>>> print(open('model12.txt').read())   # compact mmCIF, C-alpha atoms
# COMPACT_ATOMS: atom_id res chain seq x y z
CA MET H 176 0.00 0.00 0.00
CA ASN H 177 1.33 3.36 -0.92
CA SER H 178 -0.23 6.43 0.67
CA ASN H 179 0.52 8.49 -2.42
CA ASP H 180 -1.61 6.42 -4.79
CA SER H 181 -4.39 5.92 -2.31
CA THR H 182 -7.74 6.71 -3.88
CA GLU H 183 -9.74 6.72 -0.66
CA CYS H 184 -9.88 10.30 0.49
CA THR H 185 -11.25 9.33 3.91
CA LEU H 186 -7.93 7.84 5.05
CA PRO H 187 -6.13 10.00 7.58
CA LEU H 188 -2.77 11.45 6.60
CA ASN H 189 0.45 10.60 8.35
CA PRO H 190 0.14 12.74 11.51
CA VAL H 191 3.68 14.10 11.10
CA VAL H 192 3.24 15.32 7.53
CA PRO H 193 1.45 18.62 8.40
CA PHE H 194 4.57 19.51 10.42
CA LEU H 195 7.09 18.69 7.71
CA ARG H 196 8.44 20.62 4.75
CA THR H 197 7.76 17.62 2.55
CA GLU H 198 9.47 19.18 -0.45
CA ARG H 199 12.77 18.70 1.42
CA MET H 200 12.19 15.00 2.01
CA PRO H 201 13.94 12.57 1.99
CA HIS H 202 16.04 14.14 4.72
CA ILE H 203 19.80 13.78 5.14
CA TRP H 204 19.68 11.62 8.28
CA CYS H 205 21.16 8.16 7.91
CA PRO H 206 19.06 4.99 7.91
CA GLY H 207 18.17 4.21 11.52
CA CYS H 208 19.15 7.62 12.92
CA GLY H 209 17.26 8.38 16.12
CA ILE H 210 16.64 12.04 15.31
CA GLY H 211 13.68 11.28 13.01
CA THR H 212 12.12 9.29 15.83
CA THR H 213 12.40 12.27 18.17
CA VAL H 214 10.79 14.47 15.50
CA ASN H 215 7.83 12.05 15.42
CA CYS H 216 7.49 12.38 19.19
CA PHE H 217 7.79 16.17 19.00
CA ALA H 218 5.16 16.48 16.25
CA ARG H 219 2.68 14.33 18.17
CA ALA H 220 3.34 16.27 21.36
CA VAL H 221 2.70 19.58 19.58
CA MET H 222 -0.54 18.16 18.17
CA ASP H 223 -1.69 17.09 21.63
CA CYS H 224 -0.83 20.28 23.49
CA GLY H 225 -2.79 22.46 21.06
CA ILE H 226 -0.45 25.43 20.83
CA PRO H 227 -1.36 27.39 17.66
CA LEU H 228 1.42 26.78 15.17
CA ASP H 229 2.05 30.49 14.65
CA GLU H 230 2.84 30.84 18.36
CA LEU H 231 5.50 28.15 18.25
CA ALA H 232 9.06 28.81 17.14
CA ILE H 233 11.86 26.32 16.90
CA VAL H 234 15.53 27.25 17.15
CA SER H 235 18.39 24.90 16.50
CA GLY H 236 22.13 25.10 16.23
CA ILE H 237 24.46 23.26 13.88
CA GLY H 238 24.72 19.52 13.54
CA CYS H 239 22.59 16.61 12.52
CA THR H 240 19.95 17.56 15.09
CA GLY H 241 20.25 21.19 14.02
CA ARG H 242 18.66 20.13 10.75
CA VAL H 243 15.33 19.65 12.52
CA ALA H 244 14.64 23.39 12.21
CA GLY H 245 14.96 23.10 8.45
CA TYR H 246 12.61 20.17 8.13
CA LEU H 247 9.76 21.31 10.38
CA LYS H 248 7.09 23.56 8.88
CA LEU H 249 7.05 25.92 11.86
CA ASP H 250 8.69 29.28 12.36
CA SER H 251 12.20 27.95 12.58
CA PHE H 252 15.65 29.37 12.94
CA HIS H 253 18.91 27.59 12.13
CA THR H 254 21.59 29.44 14.06
CA THR H 255 25.37 29.33 14.45
CA HIS H 256 27.11 26.47 16.22
CA GLY H 257 26.31 26.31 19.91
CA ARG H 258 24.36 29.58 19.92
CA ALA H 259 20.82 28.25 19.66
CA ILE H 260 19.99 29.32 23.23
CA PRO H 261 21.20 32.95 22.86
CA PHE H 262 19.09 33.34 19.71
CA ALA H 263 16.13 31.73 21.47
CA THR H 264 16.62 34.07 24.45
CA GLY H 265 16.35 37.10 22.19
CA LEU H 266 13.33 35.66 20.44
CA LYS H 267 11.57 34.87 23.69
CA LEU H 268 12.25 38.25 25.30
CA SER H 269 11.21 40.23 22.23
CA ASN H 270 7.97 38.30 21.89
CA PRO H 271 7.06 36.71 25.24
CA LYS H 272 3.89 35.14 23.82
CA LEU H 273 5.91 32.77 21.66
CA HIS H 274 6.58 29.24 22.78
CA VAL H 275 10.26 28.85 21.92
CA VAL H 276 11.70 25.37 21.53
CA VAL H 277 15.44 24.79 21.29
CA TYR H 278 16.08 21.55 19.44
CA SER H 279 19.72 20.61 19.16
CA GLY H 280 22.37 18.01 19.74
CA ASP H 281 24.68 17.20 22.61
CA GLY H 282 27.76 18.69 20.97
CA ASP H 283 25.93 21.87 20.12
CA LEU H 284 24.14 22.49 23.42
CA ALA H 285 26.42 20.87 25.98
CA GLY H 286 29.80 21.17 24.26
CA ILE H 287 30.07 24.37 22.27
CA GLY H 288 27.08 26.14 23.81
CA GLY H 289 27.50 24.78 27.34
CA ASN H 290 27.86 28.20 28.89
CA HIS H 291 24.69 29.52 27.27
CA PHE H 292 22.88 26.42 28.46
CA ILE H 293 23.76 26.88 32.13
CA HIS H 294 22.95 30.58 32.11
CA ALA H 295 19.55 30.10 30.47
CA ALA H 296 18.85 27.46 33.13
CA ARG H 297 20.09 29.77 35.89
CA ARG H 298 17.76 32.56 34.74
CA ASN H 299 14.92 30.05 34.37
CA LEU H 300 13.98 31.47 31.01
CA ASP H 301 10.78 30.01 29.58
CA LEU H 302 12.37 27.74 26.96
CA THR H 303 11.83 24.11 26.08
CA VAL H 304 15.19 22.55 25.40
CA ILE H 305 15.22 19.20 23.59
CA LEU H 306 18.70 17.71 23.50
CA VAL H 307 19.22 14.70 21.26
CA ASN H 308 22.26 12.92 22.66
CA ASN H 309 24.04 10.70 20.13
CA PHE H 310 27.44 10.76 21.90
CA THR H 311 29.34 12.34 19.02
CA TYR H 312 29.56 15.36 16.73
CA ALA H 313 28.09 13.35 13.88
CA MET H 314 27.78 15.91 11.10
CA THR H 315 31.35 17.22 11.39
CA GLY H 316 32.82 13.73 11.20
CA GLY H 317 32.70 12.17 14.65
CA GLN H 318 34.67 14.31 17.11
CA ALA H 319 34.33 13.47 20.81
CA THR H 320 31.57 15.35 22.63
CA PRO H 321 31.47 15.97 26.39
CA THR H 322 28.99 13.09 26.66
CA ALA H 323 31.12 10.51 24.81
CA PRO H 324 31.37 7.35 26.94
CA LYS H 325 34.80 6.30 28.22
CA GLU H 326 36.95 4.22 25.85
CA SER H 327 34.72 5.02 22.89
CA ILE H 328 36.60 5.64 19.65
CA GLU H 329 36.05 9.05 18.08
CA THR H 330 38.02 10.87 15.37
CA THR H 331 39.59 13.17 17.95
CA ALA H 332 40.18 10.23 20.29
CA PRO H 333 41.51 7.38 18.12
CA TYR H 334 42.82 5.53 21.20
CA GLY H 335 39.59 5.96 23.11
CA VAL H 336 38.07 8.71 25.22
CA PHE H 337 39.47 8.88 28.77
CA GLU H 338 37.52 11.86 30.05
CA GLU H 339 34.58 11.67 32.40
CA PRO H 340 31.29 11.99 30.46
CA PHE H 341 28.92 14.82 31.30
CA ASN H 342 25.83 14.21 33.42
CA LEU H 343 23.48 16.57 31.60
CA PRO H 344 20.32 16.21 33.76
CA HIS H 345 22.42 17.04 36.83
CA LEU H 346 23.93 20.04 35.04
CA ALA H 347 20.47 21.33 34.11
CA ALA H 348 18.92 20.63 37.51
CA SER H 349 21.76 22.17 39.51
CA SER H 350 21.83 25.23 37.24
CA GLY H 351 18.16 25.92 37.96
CA ALA H 352 15.95 24.14 35.41
CA VAL H 353 12.38 23.42 36.55
CA TYR H 354 11.72 20.32 34.42
CA VAL H 355 14.36 17.70 33.72
CA ALA H 356 13.76 14.36 32.02
CA ARG H 357 15.78 11.81 30.11
CA TRP H 358 14.31 9.27 27.70
CA THR H 359 15.62 7.35 24.74
CA ALA H 360 14.63 6.87 21.11
CA TYR H 361 13.31 3.47 22.17
CA HIS H 362 10.84 4.93 24.72
CA VAL H 363 8.81 6.87 22.17
CA VAL H 364 5.54 7.16 24.08
CA GLN H 365 7.27 8.44 27.20
CA THR H 366 9.38 10.82 25.11
CA LYS H 367 6.24 12.26 23.56
CA LYS H 368 4.70 12.72 26.99
CA ALA H 369 7.85 14.35 28.34
CA ILE H 370 7.99 16.80 25.42
CA LEU H 371 4.31 17.58 25.94
CA GLU H 372 4.89 18.31 29.64
CA ALA H 373 7.96 20.37 28.82
CA LEU H 374 5.99 22.44 26.31
CA GLN H 375 3.30 23.15 28.89
CA LYS H 376 5.75 23.91 31.69
CA LYS H 377 6.57 27.54 32.36
CA GLY H 378 10.28 27.92 32.85
CA PHE H 379 13.41 26.21 31.63
CA SER H 380 12.43 22.65 30.76
CA PHE H 381 15.02 20.19 29.59
CA VAL H 382 14.46 16.83 27.89
CA GLU H 383 17.46 14.69 27.00
CA ILE H 384 16.82 11.95 24.44
CA LEU H 385 19.44 9.27 23.88
CA ALA H 386 19.50 8.36 20.19
CA PRO H 387 21.50 5.92 18.09
CA CYS H 388 23.99 7.24 15.53
CA PRO H 389 24.52 4.18 13.33
CA THR H 390 26.94 5.70 10.84
CA ILE H 391 29.43 7.50 13.08
CA TYR H 392 29.28 6.45 16.70
CA LEU H 393 27.99 2.88 16.45
CA ARG H 394 29.94 1.91 13.34
CA ARG H 395 33.22 3.34 14.57
CA ASN H 396 32.84 1.57 17.90
CA ARG H 397 31.64 -1.67 16.27
CA LEU H 398 28.41 -1.69 18.26
CA GLY H 399 26.11 -2.83 15.46
CA GLY H 400 23.32 -0.80 13.95
CA ALA H 401 20.36 1.21 15.12
CA VAL H 402 18.28 -1.85 16.00
CA GLU H 403 21.04 -3.23 18.26
CA GLU H 404 21.38 0.13 20.01
CA LEU H 405 17.61 0.39 20.56
CA LYS H 406 17.66 -3.15 21.97
CA TYR H 407 20.48 -2.09 24.29
CA TYR H 408 18.29 0.77 25.55
CA LYS H 409 15.40 -1.66 25.95
CA GLU H 410 17.45 -4.06 28.06
CA HIS H 411 19.57 -1.66 30.12
CA CYS H 412 17.35 1.33 30.79
CA VAL H 413 15.79 1.54 34.24
CA ILE H 414 12.95 4.01 34.75
CA GLN H 415 13.38 5.90 38.01
CA ASN H 416 11.10 8.90 38.11
CA GLY H 417 12.22 11.45 40.65
CA ALA H 418 15.72 9.97 40.96
CA ASP H 419 18.43 12.22 42.38
CA THR H 420 20.11 13.66 39.30
CA LYS H 421 23.50 13.26 41.04
CA ASP H 422 23.26 9.53 40.46
CA VAL H 423 22.03 9.46 36.88
CA GLY H 424 25.33 9.97 35.06
CA ILE H 425 25.69 7.70 32.06
CA ASP H 426 28.72 5.91 30.78
CA LEU H 427 27.25 3.53 28.21
CA ARG H 428 28.63 -0.02 28.27
CA HIS H 429 30.51 0.55 31.52
CA GLN H 430 27.51 0.33 33.80
CA ASP H 431 24.71 -2.20 34.16
CA LYS H 432 21.88 0.26 34.02
CA VAL H 433 21.08 3.55 32.39
CA THR H 434 18.74 5.60 34.55
CA ILE H 435 15.97 7.32 32.63
CA GLY H 436 12.74 9.00 33.65
CA LYS H 437 11.37 12.33 34.79
CA PHE H 438 13.84 13.56 37.37
CA LEU H 439 12.58 16.99 38.28
CA ASP H 440 9.33 18.93 38.00
CA ILE H 441 9.21 21.97 40.29
CA GLU H 442 7.74 25.45 40.27
CA LYS H 443 9.97 28.51 40.25
CA LYS H 444 9.69 32.12 39.20
CA GLU H 445 10.25 32.54 35.50
CA TYR H 446 12.75 35.07 34.11
CA TYR H 447 10.32 37.31 32.22
CA ASP H 448 7.93 37.59 35.19
CA ALA H 449 10.82 38.33 37.53
CA TYR H 450 12.10 40.95 35.08
CA GLN H 451 8.68 42.65 34.86
CA GLU H 452 8.22 42.62 38.60
CA HIS H 453 11.69 43.99 39.31
CA TYR H 454 11.49 46.88 36.86
CA ALA H 455 7.86 47.71 37.58
CA GLY H 456 8.83 48.06 41.24
CA LEU H 457 11.91 50.12 40.43
CA LEU H 458 10.10 52.47 38.05
CA LYS H 459 7.29 53.00 40.52
CA GLY H 460 9.81 53.74 43.25
CA GLY H 461 11.65 56.11 40.91
CA LYS H 462 8.50 58.13 40.14
CA GLN H 463 7.70 58.43 43.82
CA ALA H 464 11.25 59.52 44.53
CA VAL H 465 11.00 62.17 41.84
CA ALA H 466 7.62 63.34 43.11
CA GLY H 467 8.93 63.46 46.67
CA ALA H 468 11.89 65.68 45.64
CA MET V 40 -14.92 -16.92 24.32
CA GLN V 41 -13.17 -14.60 21.93
CA ARG V 42 -14.15 -10.99 22.05
CA LYS V 43 -15.27 -9.56 18.77
CA ARG V 44 -12.88 -6.95 17.45
CA ARG V 45 -14.51 -3.63 16.72
CA PHE V 46 -11.51 -1.89 15.21
CA GLU V 47 -8.96 -2.98 12.69
CA GLY V 48 -5.53 -1.48 12.20
CA VAL V 49 -4.45 -0.11 8.86
CA VAL V 50 -0.77 0.41 8.01
CA MET V 51 0.23 2.90 5.35
CA ILE V 52 3.73 2.75 3.87
CA THR V 53 5.33 5.42 1.69
CA GLN V 54 7.87 3.20 -0.02
CA GLU V 55 9.93 5.93 -1.63
CA ARG V 56 10.76 7.56 1.70
CA CYS V 57 11.97 4.36 3.36
CA LYS V 58 15.70 3.87 4.00
CA GLY V 59 15.42 0.27 5.13
CA CYS V 60 16.56 0.61 8.74
CA THR V 61 14.19 -2.27 9.81
CA VAL V 62 13.27 -0.59 13.12
CA CYS V 63 9.52 -0.87 12.39
CA VAL V 64 9.85 -4.57 11.55
CA GLU V 65 11.85 -5.24 14.70
CA PHE V 66 9.70 -3.35 17.20
CA CYS V 67 6.17 -4.01 15.94
CA PRO V 68 4.49 -5.56 19.00
CA VAL V 69 2.45 -8.04 16.92
CA HIS V 70 4.99 -8.64 14.12
CA VAL V 71 2.80 -7.46 11.27
CA LEU V 72 5.67 -6.33 9.06
CA SER V 73 8.55 -7.94 7.22
CA MET V 74 11.16 -6.60 4.85
CA SER V 75 10.30 -6.84 1.19
CA ASP V 76 12.72 -8.25 -1.38
CA ALA V 77 11.91 -5.41 -3.74
CA PHE V 78 13.86 -2.16 -3.90
CA ASN V 79 12.63 1.40 -4.02
CA GLN V 80 14.06 4.07 -6.33
CA LYS V 81 16.96 4.81 -3.98
CA GLY V 82 17.88 1.14 -3.74
CA TYR V 83 16.58 0.38 -0.25
CA HIS V 84 14.39 -2.52 0.78
CA PHE V 85 11.14 -1.36 2.35
CA PRO V 86 8.73 -3.10 4.74
CA GLU V 87 5.64 -4.91 3.56
CA LEU V 88 2.63 -6.34 5.38
CA LYS V 89 3.16 -9.95 6.35
CA ASP V 90 0.09 -10.34 8.47
CA PRO V 91 -2.26 -7.34 8.08
CA GLU V 92 -5.06 -8.99 10.08
CA LYS V 93 -3.06 -8.79 13.30
CA CYS V 94 -2.46 -5.03 13.19
CA SER V 95 -4.09 -3.19 16.07
CA GLY V 96 -3.37 0.27 14.71
CA CYS V 97 -1.22 1.26 17.69
CA ASP V 98 0.95 3.50 15.45
CA LEU V 99 4.17 2.47 17.20
CA CYS V 100 5.74 1.97 13.74
CA GLY V 101 4.79 5.54 12.94
CA MET V 102 6.38 6.77 16.17
CA TYR V 103 9.62 4.88 15.48
CA CYS V 104 10.08 5.50 11.77
CA PRO V 105 12.97 8.00 11.39
CA ASP V 106 11.99 8.67 7.78
CA PHE V 107 8.25 9.36 8.28
CA ALA V 108 7.58 6.56 5.79
CA ILE V 109 5.07 4.48 7.76
CA TYR V 110 2.09 5.06 10.03
CA ALA V 111 -0.92 3.17 11.24
CA PHE V 112 -4.41 4.07 12.40
CA LYS V 113 -7.52 2.38 13.74
CA ARG V 114 -10.59 1.96 11.56
CA GLU V 115 -13.99 0.65 12.54
CA MET V 116 -14.60 -2.88 11.25
CA LYS V 117 -17.30 -3.36 8.65
CA GLU V 118 -20.38 -5.17 9.96
CA ALA V 119 -20.60 -7.50 6.93
CA SER V 120 -18.07 -9.98 8.37
>>> encode(input="model12.txt", output="structure tokens")
Amino acid sequence: MNSNDSTECTLPLNPVVPFLRTERMPHIWCPGCGIGTTVNCFARAVMDCGIPLDELAIVSGIGCTGRVAGYLKLDSFHTTHGRAIPFATGLKLSNPKLHVVVYSGDGDLAGIGGNHFIHAARRNLDLTVILVNNFTYAMTGGQATPTAPKESIETTAPYGVFEEPFNLPHLAASSGAVYVARWTAYHVVQTKKAILEALQKKGFSFVEILAPCPTIYLRRNRLGGAVEELKYYKEHCVIQNGADTKDVGIDLRHQDKVTIGKFLDIEKKEYYDAYQEHYAGLLKGGKQAVAGA
Amino acid sequence: MQRKRRFEGVVMITQERCKGCTVCVEFCPVHVLSMSDAFNQKGYHFPELKDPEKCSGCDLCGMYCPDFAIYAFKREMKEAS
């Protein structure tokens, strides 16, 4: 059956298609890449949360995941490497009604743009950050990212990585994020739900999605293909909602379990509200001071 | 006593978008799909329906597919059967 030659007009369309720039398909992602799976989850989450599409903007940096902005038929912005969050900050502050989603990779957000990431979390800016973690800078040829597991082979680490991998949920939570979750490309239903909650949450919400990179990371490390990696997630992931983010660091293939789940969901004052309150108070005080003098 | 099914699942495949990663075949909960021997224009094998009766229309294949090439939905069964 081919949906293109279908004569029955009553059949529903693929639910993702209204969100895609179909003229740019097929996309550049490799067979089995987990990024397309996360886009499916994102599109279904957007459908469910009912945000009007002209109030939703998506910002991404450079990299394989950065391509998402080019493929989604939303107001999208493909920015410079690592600077997705600064662009999103400007967008959000100039038009506070917009729902701004930052959709980028681990190298882009945690490596090159790490500083922007922690400061946006510290300010608790109302952004939804979706980080697709494939453990390598895939588009630029497979350099080691801060999340690369120990002893994994990358082009900048031909004898294996020896550095400690980054615990991104702990980084986000300790910097001040209000919503922190980690799922994988295998747990699609939970990923969709997490993105939906993150979209509805006011404040800095962070969703990390582990995704297979069959061409660069898995092939270079001789770990099989996308199906093997998804099976690894299926067998080794342990769902611990509300786990202490201190203990959820991942070092794939060096530990028995990978902790996933919704780690944090708290309420905190958002940056724009705090900004309004602060300056409204100051300006009021200033007028009184002038009147008093 | 077997409960009568009120809904059937329908799988739609856009063959030309498929890149043959086999994720949908592997993770279909009721094993409805298998890889075809035929090729599409880009030279990839694509999935075909092995057992369409079993499909429940859960759309898990649609959630997994990285190439947006497959999806499923539920449809009310016709009374005739």
>>> residues_around(input="model12.txt", residues="V:Glu47", least_positions_apart="5", cutoff="12 Å", atoms="all atoms listed in the file", output="MDAnalysis selection string")
chainID V and resid 91:97 111:118
>>> atom_distance(input="model12.txt", atom1="atom CA of H:Pro206", atom2="atom CA of V:Thr61")
8.9 Å
>>> closest_atom_pairs(input="model12.txt", of="chain H", to="chain V", cutoff="8 Å", atoms="all atoms listed in the file", output="tab-separated table")
residue	atom	partner	partner_atom	distance
H:Met176	CA	V:Ile52	CA	6.0
H:Asn177	CA	V:Thr53	CA	5.2
H:Ser178	CA	V:Thr53	CA	5.7
H:Asn179	CA	V:Thr53	CA	7.0
H:Pro187	CA	V:Phe112	CA	7.8
H:Asn189	CA	V:Tyr110	CA	6.0
H:Val191	CA	V:Phe107	CA	7.2
H:Val192	CA	V:Phe107	CA	7.8
H:Met200	CA	V:Arg56	CA	7.6
H:Pro201	CA	V:Arg56	CA	5.9
H:His202	CA	V:Asp106	CA	7.5
H:Cys205	CA	V:Lys58	CA	8.0
H:Pro206	CA	V:Cys60	CA	5.1
H:Gly207	CA	V:Cys60	CA	4.8
H:Cys208	CA	V:Pro105	CA	6.4
H:Gly209	CA	V:Pro105	CA	6.4
H:Ile210	CA	V:Pro105	CA	6.7
H:Gly211	CA	V:Pro105	CA	3.7
H:Thr212	CA	V:Pro105	CA	4.7
H:Val214	CA	V:Pro105	CA	8.0
H:Asn215	CA	V:Met102	CA	5.5
H:Cys216	CA	V:Met102	CA	6.5
H:Ala360	CA	V:Tyr103	CA	7.8
H:Tyr361	CA	V:Tyr103	CA	7.8
H:Val363	CA	V:Met102	CA	6.5
H:Val364	CA	V:Met102	CA	8.0
H:Ala401	CA	V:Cys60	CA	7.5
H:Val402	CA	V:Val62	CA	5.9
>>> atom_distance(input="model12.txt", atom1="atom CA of H:Tyr408", atom2="atom CA of H:Thr331")
25.8 Å
>>> residues_around(input="model12.txt", residues="H:Arg357", least_positions_apart="3", cutoff="6 Å", atoms="all atoms listed in the file", output="PyMOL selection string")
chain H and resi 382-384+435-436
>>> closest_residue(input="model12.txt", among="H:Ala386, H:Pro261, H:Pro271, H:Ala332", to="H:Thr240", atoms="only C-alpha atoms")
H:Ala386
>>> closest_residue(input="model12.txt", among="H:His362, H:Arg428, H:His256, H:Lys406", to="H:Gly241", atoms="all atoms listed in the file")
H:His256
>>> atom_distance(input="model12.txt", atom1="atom CA of H:Ala263", atom2="atom CA of H:Asn299")
13.1 Å
>>> closest_residue(input="model12.txt", among="H:Phe252, H:Tyr392, H:Phe341, H:Phe381", to="H:Gly286", atoms="only C-alpha atoms")
H:Phe341
>>> residues_around(input="model12.txt", residues="H:His429", least_positions_apart="3", cutoff="10 Å", atoms="all atoms listed in the file", output="JSON, numbers by chain")
{"H": [324, 325, 326, 425, 426, 432, 433]}
>>> axis_aligned_box(input="model12.txt", around="stretch 53-69 of chain V", padding_each_side="8 Å", output="AutoDock Vina command-line options")
--center_x 9.5 --center_y -0.2 --center_z 8.7 --size_x 30.1 --size_y 31.6 --size_z 36.6
>>> residues_near_point(input="model12.txt", point="(10.1, -5.1, 2.2)", cutoff="8 Å", atoms="all atoms listed in the file", output="JSON list (two decimals) with C-alpha atoms, in the coordinates of the input")
[["chain", "number", "residue", "atom", "x", "y", "z"],
["V", 73, "SER", "CA", 8.55, -7.94, 7.22],
["V", 74, "MET", "CA", 11.16, -6.60, 4.85],
["V", 75, "SER", "CA", 10.30, -6.84, 1.19],
["V", 76, "ASP", "CA", 12.72, -8.25, -1.38],
["V", 77, "ALA", "CA", 11.91, -5.41, -3.74],
["V", 78, "PHE", "CA", 13.86, -2.16, -3.90],
["V", 84, "HIS", "CA", 14.39, -2.52, 0.78],
["V", 85, "PHE", "CA", 11.14, -1.36, 2.35],
["V", 86, "PRO", "CA", 8.73, -3.10, 4.74],
["V", 87, "GLU", "CA", 5.64, -4.91, 3.56]]
>>> decode(input="model12.txt", residues="stretch 56-106 of chain V", atoms="C-alpha atoms", output="short mmCIF file (atom, residue, chain, number, x, y, z; two decimals), in the first residue's frame")
data_model
loop_
_atom_site.label_atom_id
_atom_site.label_comp_id
_atom_site.auth_asym_id
_atom_site.auth_seq_id
_atom_site.Cartn_x
_atom_site.Cartn_y
_atom_site.Cartn_z
CA ARG V 56 10.76 7.56 1.70
CA CYS V 57 11.97 4.36 3.36
CA LYS V 58 15.70 3.87 4.00
CA GLY V 59 15.42 0.27 5.13
CA CYS V 60 16.56 0.61 8.74
CA THR V 61 14.19 -2.27 9.81
CA VAL V 62 13.27 -0.59 13.12
CA CYS V 63 9.52 -0.87 12.39
CA VAL V 64 9.85 -4.57 11.55
CA GLU V 65 11.85 -5.24 14.70
CA PHE V 66 9.70 -3.35 17.20
CA CYS V 67 6.17 -4.01 15.94
CA PRO V 68 4.49 -5.56 19.00
CA VAL V 69 2.45 -8.04 16.92
CA HIS V 70 4.99 -8.64 14.12
CA VAL V 71 2.80 -7.46 11.27
CA LEU V 72 5.67 -6.33 9.06
CA SER V 73 8.55 -7.94 7.22
CA MET V 74 11.16 -6.60 4.85
CA SER V 75 10.30 -6.84 1.19
CA ASP V 76 12.72 -8.25 -1.38
CA ALA V 77 11.91 -5.41 -3.74
CA PHE V 78 13.86 -2.16 -3.90
CA ASN V 79 12.63 1.40 -4.02
CA GLN V 80 14.06 4.07 -6.33
CA LYS V 81 16.96 4.81 -3.98
CA GLY V 82 17.88 1.14 -3.74
CA TYR V 83 16.58 0.38 -0.25
CA HIS V 84 14.39 -2.52 0.78
CA PHE V 85 11.14 -1.36 2.35
CA PRO V 86 8.73 -3.10 4.74
CA GLU V 87 5.64 -4.91 3.56
CA LEU V 88 2.63 -6.34 5.38
CA LYS V 89 3.16 -9.95 6.35
CA ASP V 90 0.09 -10.34 8.47
CA PRO V 91 -2.26 -7.34 8.08
CA GLU V 92 -5.06 -8.99 10.08
CA LYS V 93 -3.06 -8.79 13.30
CA CYS V 94 -2.46 -5.03 13.19
CA SER V 95 -4.09 -3.19 16.07
CA GLY V 96 -3.37 0.27 14.71
CA CYS V 97 -1.22 1.26 17.69
CA ASP V 98 0.95 3.50 15.45
CA LEU V 99 4.17 2.47 17.20
CA CYS V 100 5.74 1.97 13.74
CA GLY V 101 4.79 5.54 12.94
CA MET V 102 6.38 6.77 16.17
CA TYR V 103 9.62 4.88 15.48
CA CYS V 104 10.08 5.50 11.77
CA PRO V 105 12.97 8.00 11.39
CA ASP V 106 11.99 8.67 7.78
#
